[in-house]
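Below is one structure, written out as structure tokens; comments come after it.
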Amino acid sequence: MKIALACDHGGLALKREVVKYLEQNGYEAVDFGTDTFDSCDYPDFALRAAEAVAHGECERGIFVCTTGIGISIVANKVPGIRCALCTDPYLAKMTREHNDANVLAMGGGFIGVNLALETVKTFLTTAFSGEAKHQRRIDKITAIEKKYCR
């Protein structure tokens, strides 16, 4: 599975740990940056990574900024992206099963490496439930996207 990664300077340390985890577990990491701790703007990296997921170049994405909030907002501006900010494996499980989320956002300043990697593992190994009520809700999200994202 190909995974798009994006971060800003506040998420770089955690992103590097995630890349190691992915490579050790047979995933292909496609890194859209940043690669330095110099102050930068997360929209520049999140947009390109989200587009890669939305266009099918990558199956999922993992995005990290200091809080996870800003980078998730950017990701969710791209049609076809359902990005969830998760702070633990349970939330990652629920967003995959119920929302079929394709991008995970995390806050590098708020989640430790061990918990983050367990959250990543859960996000990547949990399937969408396929339940009709969840699909109906996703379809409504898609309809909103089509109405407002032209």
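Following the order of the structure tokens, chains are lettered A, B, ..., residues in each are numbered from 1, and ligands are numbered from 1.
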Please list as a ChimeraX atom specification every residue within 6 Å of range 59-64 of chain A, counting only C-alpha atoms and excluding residues in the same chain fewer than 3 positions away. /A:2-7,11,53,68,102-107
Using the selection just defined, write its residues with all heavy atoms as an mmCIF file, in the first residue's frame.
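Below is the file part21.cif, written as the result:
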data_model
loop_
_atom_site.group_PDB
_atom_site.id
_atom_site.type_symbol
_atom_site.label_atom_id
_atom_site.label_comp_id
_atom_site.auth_asym_id
_atom_site.auth_seq_id
_atom_site.Cartn_x
_atom_site.Cartn_y
_atom_site.Cartn_z
ATOM 1 N N LYS A 2 0.557 2.198 -0.856
ATOM 2 C CA LYS A 2 1.281 3.461 -0.964
ATOM 3 C C LYS A 2 0.649 4.490 -0.039
ATOM 4 O O LYS A 2 -0.557 4.736 -0.112
ATOM 5 C CB LYS A 2 1.177 3.974 -2.402
ATOM 6 C CG LYS A 2 2.468 4.174 -3.098
ATOM 7 C CD LYS A 2 2.187 4.816 -4.456
ATOM 8 C CE LYS A 2 3.228 4.331 -5.426
ATOM 9 N NZ LYS A 2 3.126 4.981 -6.710
ATOM 10 N N ILE A 3 1.479 5.113 0.806
ATOM 11 C CA ILE A 3 0.994 6.071 1.787
ATOM 12 C C ILE A 3 1.633 7.431 1.530
ATOM 13 O O ILE A 3 2.860 7.565 1.505
ATOM 14 C CB ILE A 3 1.353 5.626 3.223
ATOM 15 C CG1 ILE A 3 0.959 4.170 3.482
ATOM 16 C CG2 ILE A 3 0.739 6.582 4.245
ATOM 17 C CD1 ILE A 3 -0.502 3.864 3.352
ATOM 18 N N ALA A 4 0.807 8.470 1.359
ATOM 19 C CA ALA A 4 1.293 9.841 1.198
ATOM 20 C C ALA A 4 1.554 10.430 2.575
ATOM 21 O O ALA A 4 0.723 10.288 3.476
ATOM 22 C CB ALA A 4 0.257 10.682 0.462
ATOM 23 N N LEU A 5 2.697 11.083 2.726
ATOM 24 C CA LEU A 5 3.036 11.727 3.994
ATOM 25 C C LEU A 5 3.276 13.204 3.780
ATOM 26 O O LEU A 5 3.848 13.600 2.757
ATOM 27 C CB LEU A 5 4.288 11.087 4.589
ATOM 28 C CG LEU A 5 4.014 9.675 5.053
ATOM 29 C CD1 LEU A 5 4.876 8.704 4.321
ATOM 30 C CD2 LEU A 5 4.171 9.564 6.531
ATOM 31 N N ALA A 6 2.828 13.995 4.745
ATOM 32 C CA ALA A 6 3.055 15.440 4.708
ATOM 33 C C ALA A 6 3.195 15.941 6.129
ATOM 34 O O ALA A 6 2.581 15.390 7.054
ATOM 35 C CB ALA A 6 1.894 16.152 4.018
ATOM 36 N N CYS A 7 4.006 16.974 6.288
ATOM 37 C CA CYS A 7 4.152 17.592 7.602
ATOM 38 C C CYS A 7 4.715 18.989 7.451
ATOM 39 O O CYS A 7 5.188 19.370 6.374
ATOM 40 C CB CYS A 7 5.079 16.764 8.497
ATOM 41 S SG CYS A 7 6.816 16.858 8.036
ATOM 42 N N GLY A 11 5.773 18.826 12.788
ATOM 43 C CA GLY A 11 5.438 17.412 12.674
ATOM 44 C C GLY A 11 6.559 16.558 12.115
ATOM 45 O O GLY A 11 6.412 15.347 11.970
ATOM 46 N N VAL A 53 -3.616 11.429 -2.817
ATOM 47 C CA VAL A 53 -4.605 10.465 -2.320
ATOM 48 C C VAL A 53 -5.899 10.588 -3.119
ATOM 49 O O VAL A 53 -6.461 9.592 -3.577
ATOM 50 C CB VAL A 53 -4.861 10.664 -0.806
ATOM 51 C CG1 VAL A 53 -5.985 9.744 -0.325
ATOM 52 C CG2 VAL A 53 -3.581 10.405 0.001
ATOM 53 N N GLY A 68 -2.079 18.975 14.516
ATOM 54 C CA GLY A 68 -2.869 18.144 13.619
ATOM 55 C C GLY A 68 -4.097 18.857 13.091
ATOM 56 O O GLY A 68 -4.735 18.397 12.147
ATOM 57 N N ASN A 102 -9.600 8.443 4.538
ATOM 58 C CA ASN A 102 -8.431 8.056 3.747
ATOM 59 C C ASN A 102 -7.175 8.824 4.143
ATOM 60 O O ASN A 102 -6.097 8.551 3.623
ATOM 61 C CB ASN A 102 -8.705 8.172 2.246
ATOM 62 C CG ASN A 102 -9.290 9.509 1.836
ATOM 63 O OD1 ASN A 102 -9.312 10.463 2.605
ATOM 64 N ND2 ASN A 102 -9.781 9.565 0.608
ATOM 65 N N VAL A 103 -7.309 9.767 5.066
ATOM 66 C CA VAL A 103 -6.148 10.483 5.586
ATOM 67 C C VAL A 103 -6.259 10.573 7.103
ATOM 68 O O VAL A 103 -7.314 10.912 7.643
ATOM 69 C CB VAL A 103 -6.021 11.898 4.978
ATOM 70 C CG1 VAL A 103 -4.852 12.663 5.617
ATOM 71 C CG2 VAL A 103 -5.835 11.821 3.461
ATOM 72 N N LEU A 104 -5.149 10.265 7.761
ATOM 73 C CA LEU A 104 -5.009 10.379 9.208
ATOM 74 C C LEU A 104 -4.175 11.616 9.506
ATOM 75 O O LEU A 104 -3.100 11.792 8.927
ATOM 76 C CB LEU A 104 -4.297 9.139 9.759
ATOM 77 C CG LEU A 104 -3.794 9.194 11.203
ATOM 78 C CD1 LEU A 104 -4.961 9.270 12.185
ATOM 79 C CD2 LEU A 104 -2.921 7.972 11.492
ATOM 80 N N ALA A 105 -4.665 12.475 10.391
ATOM 81 C CA ALA A 105 -3.882 13.625 10.854
ATOM 82 C C ALA A 105 -3.537 13.407 12.317
ATOM 83 O O ALA A 105 -4.352 12.881 13.093
ATOM 84 C CB ALA A 105 -4.666 14.914 10.685
ATOM 85 N N MET A 106 -2.330 13.816 12.685
ATOM 86 C CA MET A 106 -1.898 13.723 14.079
ATOM 87 C C MET A 106 -1.132 14.979 14.454
ATOM 88 O O MET A 106 -0.550 15.638 13.593
ATOM 89 C CB MET A 106 -1.007 12.499 14.295
ATOM 90 C CG MET A 106 -1.709 11.175 14.074
ATOM 91 S SD MET A 106 -0.693 9.736 14.477
ATOM 92 C CE MET A 106 0.562 9.831 13.199
ATOM 93 N N GLY A 107 -1.116 15.268 15.742
ATOM 94 C CA GLY A 107 -0.386 16.411 16.265
ATOM 95 C C GLY A 107 0.943 15.986 16.845
ATOM 96 O O GLY A 107 0.987 15.343 17.894
#
Quick one: residues within 7 Å of Ala50 in chain A, only C-alpha atoms, excluding same-chain residues fewer than 5 positions away - as a PyMOL selection string? chain A and resi 75+78+81
Requested write-out: N, CA, C and O atoms of the selected residues, as a PDB file, in the first residue's frame:
ATOM      1  N   ALA A  75      -6.296  19.330   4.302  1.00  0.00           N
ATOM      2  CA  ALA A  75      -6.602  18.065   3.618  1.00  0.00           C
ATOM      3  C   ALA A  75      -8.077  17.978   3.255  1.00  0.00           C
ATOM      4  O   ALA A  75      -8.428  17.571   2.143  1.00  0.00           O
ATOM      5  N   VAL A  78      -9.719  19.328  -0.064  1.00  0.00           N
ATOM      6  CA  VAL A  78      -9.517  18.630  -1.339  1.00  0.00           C
ATOM      7  C   VAL A  78     -10.665  17.641  -1.537  1.00  0.00           C
ATOM      8  O   VAL A  78     -10.867  16.749  -0.707  1.00  0.00           O
ATOM      9  N   ILE A  81     -11.244  13.755  -0.149  1.00  0.00           N
ATOM     10  CA  ILE A  81     -10.481  13.474   1.064  1.00  0.00           C
ATOM     11  C   ILE A  81     -11.409  13.496   2.268  1.00  0.00           C
ATOM     12  O   ILE A  81     -12.223  14.405   2.431  1.00  0.00           O
TER      13      ILE A  81
END
Find, counting only C-alpha atoms, the residue in A:His9, A:Val18, A:Gln24, A:Thr87 that gets nearest to Thr36 in chain A. A:His9
Could you please write out, as a VMD selection string, every residue of range 42-71 of chain A that DSSP assigns to helix (DSSP H, G or I)? chain A and resid 42 to 54 69 to 71
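Across A:Glu17, A:Glu57, A:Asp38, A:Glu145, the tightest approach to Leu117 in chain A is made by A:Glu17 when counting only C-alpha atoms.
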Fewer than 2 positions away in the same chain doesn't count, so skip those; otherwise give me all residues within 10 Å of Ala101 in chain A, counting only C-alpha atoms, as a short mmCIF file (atom, residue, chain, number, x, y, z; two decimals) with C-alpha atoms, in the first residue's frame.
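The file below, part10.cif, is the result:
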data_model
loop_
_atom_site.label_atom_id
_atom_site.label_comp_id
_atom_site.auth_asym_id
_atom_site.auth_seq_id
_atom_site.Cartn_x
_atom_site.Cartn_y
_atom_site.Cartn_z
CA ARG A 60 -4.01 6.65 2.13
CA GLY A 61 -2.29 9.59 3.76
CA GLY A 80 -12.47 13.15 -2.14
CA ILE A 81 -10.48 13.47 1.06
CA ARG A 82 -11.92 12.44 4.39
CA CYS A 83 -9.23 13.35 6.90
CA ALA A 84 -9.61 12.67 10.61
CA ALA A 92 -8.46 5.68 14.09
CA LYS A 93 -10.51 2.47 14.15
CA MET A 94 -13.80 4.35 14.30
CA THR A 95 -12.95 6.77 11.49
CA ARG A 96 -11.95 3.91 9.22
CA GLU A 97 -14.97 1.73 10.05
CA HIS A 98 -17.58 4.51 10.02
CA ASN A 99 -16.19 7.26 7.77
CA VAL A 103 -6.15 10.48 5.59
CA LEU A 104 -5.01 10.38 9.21
CA PHE A 123 -5.63 3.29 10.71
CA ALA A 127 -11.33 -1.72 6.91
CA PHE A 128 -14.46 0.32 6.23
CA ILE A 138 -20.44 9.20 3.33
#
Run DSSP on the backbone of this structure and report the residues of chain A it assigns to strand (DSSP E or B), as JSON, numbers by chain. {"A": [2, 3, 4, 5, 6, 7, 28, 29, 30, 31, 60, 61, 62, 63, 64, 65, 83, 84, 85, 103, 104, 105, 106, 107]}
Taking only C-alpha atoms into account, which of A:Val113, A:Gly26, A:Asp100, A:Pro43 comes nearest Glu131 in chain A? A:Asp100
Can you pull out the residues contacting Phe32 in chain A? Cut-off 7 Å, using only C-alpha atoms, and skip same-chain residues under 2 positions away; I want them as a VMD selection string. chain A and resid 5 to 6 30 34 45 48 to 49
